[in-house]
Amino acid sequence: MCNGHASQCDQSSPDDAFKVSCSCQHNTCGTQCEQCCPGFQQYEWSRATVTNPFVCEKCNCNGHSDDCYFDKAIAEKKTSMNIHGKFEGGGVCRNCQHNTTGINCNKCLDGFYRPNNKKIDAIDVCQPCECDLKHSTGNCYEGSGVCECRSNYQAPNCDACRSAC
């Protein structure tokens with residue numbers, strides 16, 4: 001009844017003695033522990049068995065979100081990093097905070113960059129690019145923050161014409 005994820009059931013309501021729900025374990029949720037709880041969807045839910053005591057794992061959003069979902073295509077491509085640093089599972093973070101984006105909230109939004117000295121889980125990991133929009137795209141390079149020049153301007157400062165401006 002509890003898909004191998006509970007050792008006991010609880011009566012849901014004193015008014016309905018026949019309605020029971022499982023006391024879910026392994027980060028599972030639902031009346032019969034039939035799904036991984038929100039934020040614990042790095043892997044596709046599975047019934048627990050004696051040989052496979054499946055435990056739903058927290059998604060690796062690098063501290064920038066607690067919200068995620070499982071995506072089978074991402075799991076097949078091995079592009080989601082789990083909490084152990086391995087590209088396994090299909091957890092995709094959503095509602096990334098702190099100007100982050102990406103499967104694991106591991107990239108900066110356009111107009112922001114990650115300085116070389118910032119750890120990926122730092123709240124201020126993504127710093128705003130300080131670029132002149134007249135001569136640059138508004139984006140800058142990861143690590144250095146050097147502005148990305150428009151095609152007719154020359155790097156690194158975007159302050160000289162590449163050819164004829």
# chains A, B, ... in the order shown; residues from 1 in each chain; ligands from 1

call {"tool": "residues_around", "arguments": {"residues": "Ile120 in chain A", "least_positions_apart": "6", "cutoff": "10 Å", "atoms": "only C-alpha atoms", "output": "ChimeraX atom specification"}}
result
/A:61-64,100,105-108,114,126

call {"tool": "select_by_dssp", "arguments": {"residues": "range 80-141 of chain A", "states": "strand (DSSP E)", "output": "ChimeraX atom specification"}}
result
/A:91-94,100-101,107-108,112-113,127-128,136-140

call {"tool": "residues_around", "arguments": {"residues": "Gln42 in chain A", "least_positions_apart": "3", "cutoff": "7 Å", "atoms": "only C-alpha atoms", "output": "MDAnalysis selection string"}}
result
chainID A and resid 57:59 70 82 89:91

call {"tool": "closest_residue", "arguments": {"among": "A:Asn117, A:Glu148, A:Asn3, A:Cys33", "to": "Asn52 in chain A", "atoms": "only C-alpha atoms"}}
result
A:Asn3

call {"tool": "closest_residue", "arguments": {"among": "A:Ser144, A:Gln127, A:Asn27, A:Asn157", "to": "Asn99 in chain A", "atoms": "only C-alpha atoms"}}
result
A:Gln127

call {"tool": "closest_residue", "arguments": {"among": "A:Tyr69, A:Glu130, A:Lys77, A:Ser136", "to": "Asn104 in chain A", "atoms": "only C-alpha atoms"}}
result
A:Tyr69

call {"tool": "residues_around", "arguments": {"residues": "Gln8 in chain A", "least_positions_apart": "2", "cutoff": "12 Å", "atoms": "only C-alpha atoms", "output": "ChimeraX atom specification"}}
result
/A:1-6,10-11,20-25,31-33

call {"tool": "write_last_selection", "arguments": {"atoms": "C-alpha atoms", "output": "PDB file, in the first residue's frame"}}
result
ATOM      1  CA  MET A   1       0.000   0.000   0.000  1.00  0.00           C
ATOM      2  CA  CYS A   2       2.853   2.449   0.752  1.00  0.00           C
ATOM      3  CA  ASN A   3       5.114   1.336  -2.107  1.00  0.00           C
ATOM      4  CA  GLY A   4       7.808   0.216   0.320  1.00  0.00           C
ATOM      5  CA  HIS A   5       8.332   3.747   1.660  1.00  0.00           C
ATOM      6  CA  ALA A   6       6.547   3.497   5.044  1.00  0.00           C
ATOM      7  CA  ASP A  10      -1.920   6.776  10.085  1.00  0.00           C
ATOM      8  CA  GLN A  11      -5.622   7.414  10.215  1.00  0.00           C
ATOM      9  CA  VAL A  20      -5.603   5.939   6.152  1.00  0.00           C
ATOM     10  CA  SER A  21      -2.418   7.446   4.792  1.00  0.00           C
ATOM     11  CA  CYS A  22       1.135   6.238   4.922  1.00  0.00           C
ATOM     12  CA  SER A  23       3.778   7.706   7.240  1.00  0.00           C
ATOM     13  CA  CYS A  24       6.129   8.225   4.313  1.00  0.00           C
ATOM     14  CA  GLN A  25       9.898   7.913   4.579  1.00  0.00           C
ATOM     15  CA  THR A  31      -1.154   9.176   0.586  1.00  0.00           C
ATOM     16  CA  GLN A  32       0.664   6.047  -0.622  1.00  0.00           C
ATOM     17  CA  CYS A  33       4.181   7.514  -0.828  1.00  0.00           C
TER      18      CYS A  33
END

call {"tool": "residues_around", "arguments": {"residues": "His135 in chain A", "least_positions_apart": "5", "cutoff": "12 Å", "atoms": "only C-alpha atoms", "output": "ChimeraX atom specification"}}
result
/A:130,147-162,165

call {"tool": "atom_distance", "arguments": {"atom1": "CA of Thr49 in chain A", "atom2": "CA of Cys36 in chain A"}}
result
15.6 Å

call {"tool": "closest_residue", "arguments": {"among": "A:Pro128, A:Pro38, A:Gly111, A:Pro53", "to": "Arg94 in chain A", "atoms": "only C-alpha atoms"}}
result
A:Pro38

call {"tool": "select_by_dssp", "arguments": {"residues": "range 35-127 of chain A", "states": "alpha helix (DSSP H)", "output": "ChimeraX atom specification"}}
result
/A:72-77

call {"tool": "write_last_selection", "arguments": {"atoms": "N, CA, C and O atoms", "output": "PDB file, in the first residue's frame"}}
result
ATOM      1  N   LYS A  72      13.162  13.306 -17.696  1.00  0.00           N
ATOM      2  CA  LYS A  72      13.775  12.075 -18.212  1.00  0.00           C
ATOM      3  C   LYS A  72      14.804  12.367 -19.307  1.00  0.00           C
ATOM      4  O   LYS A  72      15.857  11.734 -19.368  1.00  0.00           O
ATOM      5  N   ALA A  73      14.530  13.341 -20.188  1.00  0.00           N
ATOM      6  CA  ALA A  73      15.473  13.683 -21.264  1.00  0.00           C
ATOM      7  C   ALA A  73      16.786  14.211 -20.698  1.00  0.00           C
ATOM      8  O   ALA A  73      17.866  13.881 -21.203  1.00  0.00           O
ATOM      9  N   ILE A  74      16.717  14.999 -19.641  1.00  0.00           N
ATOM     10  CA  ILE A  74      17.920  15.519 -18.985  1.00  0.00           C
ATOM     11  C   ILE A  74      18.704  14.358 -18.368  1.00  0.00           C
ATOM     12  O   ILE A  74      19.928  14.311 -18.451  1.00  0.00           O
ATOM     13  N   ALA A  75      17.995  13.408 -17.777  1.00  0.00           N
ATOM     14  CA  ALA A  75      18.650  12.230 -17.186  1.00  0.00           C
ATOM     15  C   ALA A  75      19.384  11.428 -18.260  1.00  0.00           C
ATOM     16  O   ALA A  75      20.515  10.979 -18.042  1.00  0.00           O
ATOM     17  N   GLU A  76      18.754  11.267 -19.419  1.00  0.00           N
ATOM     18  CA  GLU A  76      19.375  10.508 -20.506  1.00  0.00           C
ATOM     19  C   GLU A  76      20.615  11.216 -21.050  1.00  0.00           C
ATOM     20  O   GLU A  76      21.587  10.570 -21.420  1.00  0.00           O
ATOM     21  N   LYS A  77      20.596  12.541 -21.081  1.00  0.00           N
ATOM     22  CA  LYS A  77      21.739  13.327 -21.571  1.00  0.00           C
ATOM     23  C   LYS A  77      22.840  13.464 -20.526  1.00  0.00           C
ATOM     24  O   LYS A  77      23.943  13.910 -20.833  1.00  0.00           O
TER      25      LYS A  77
END
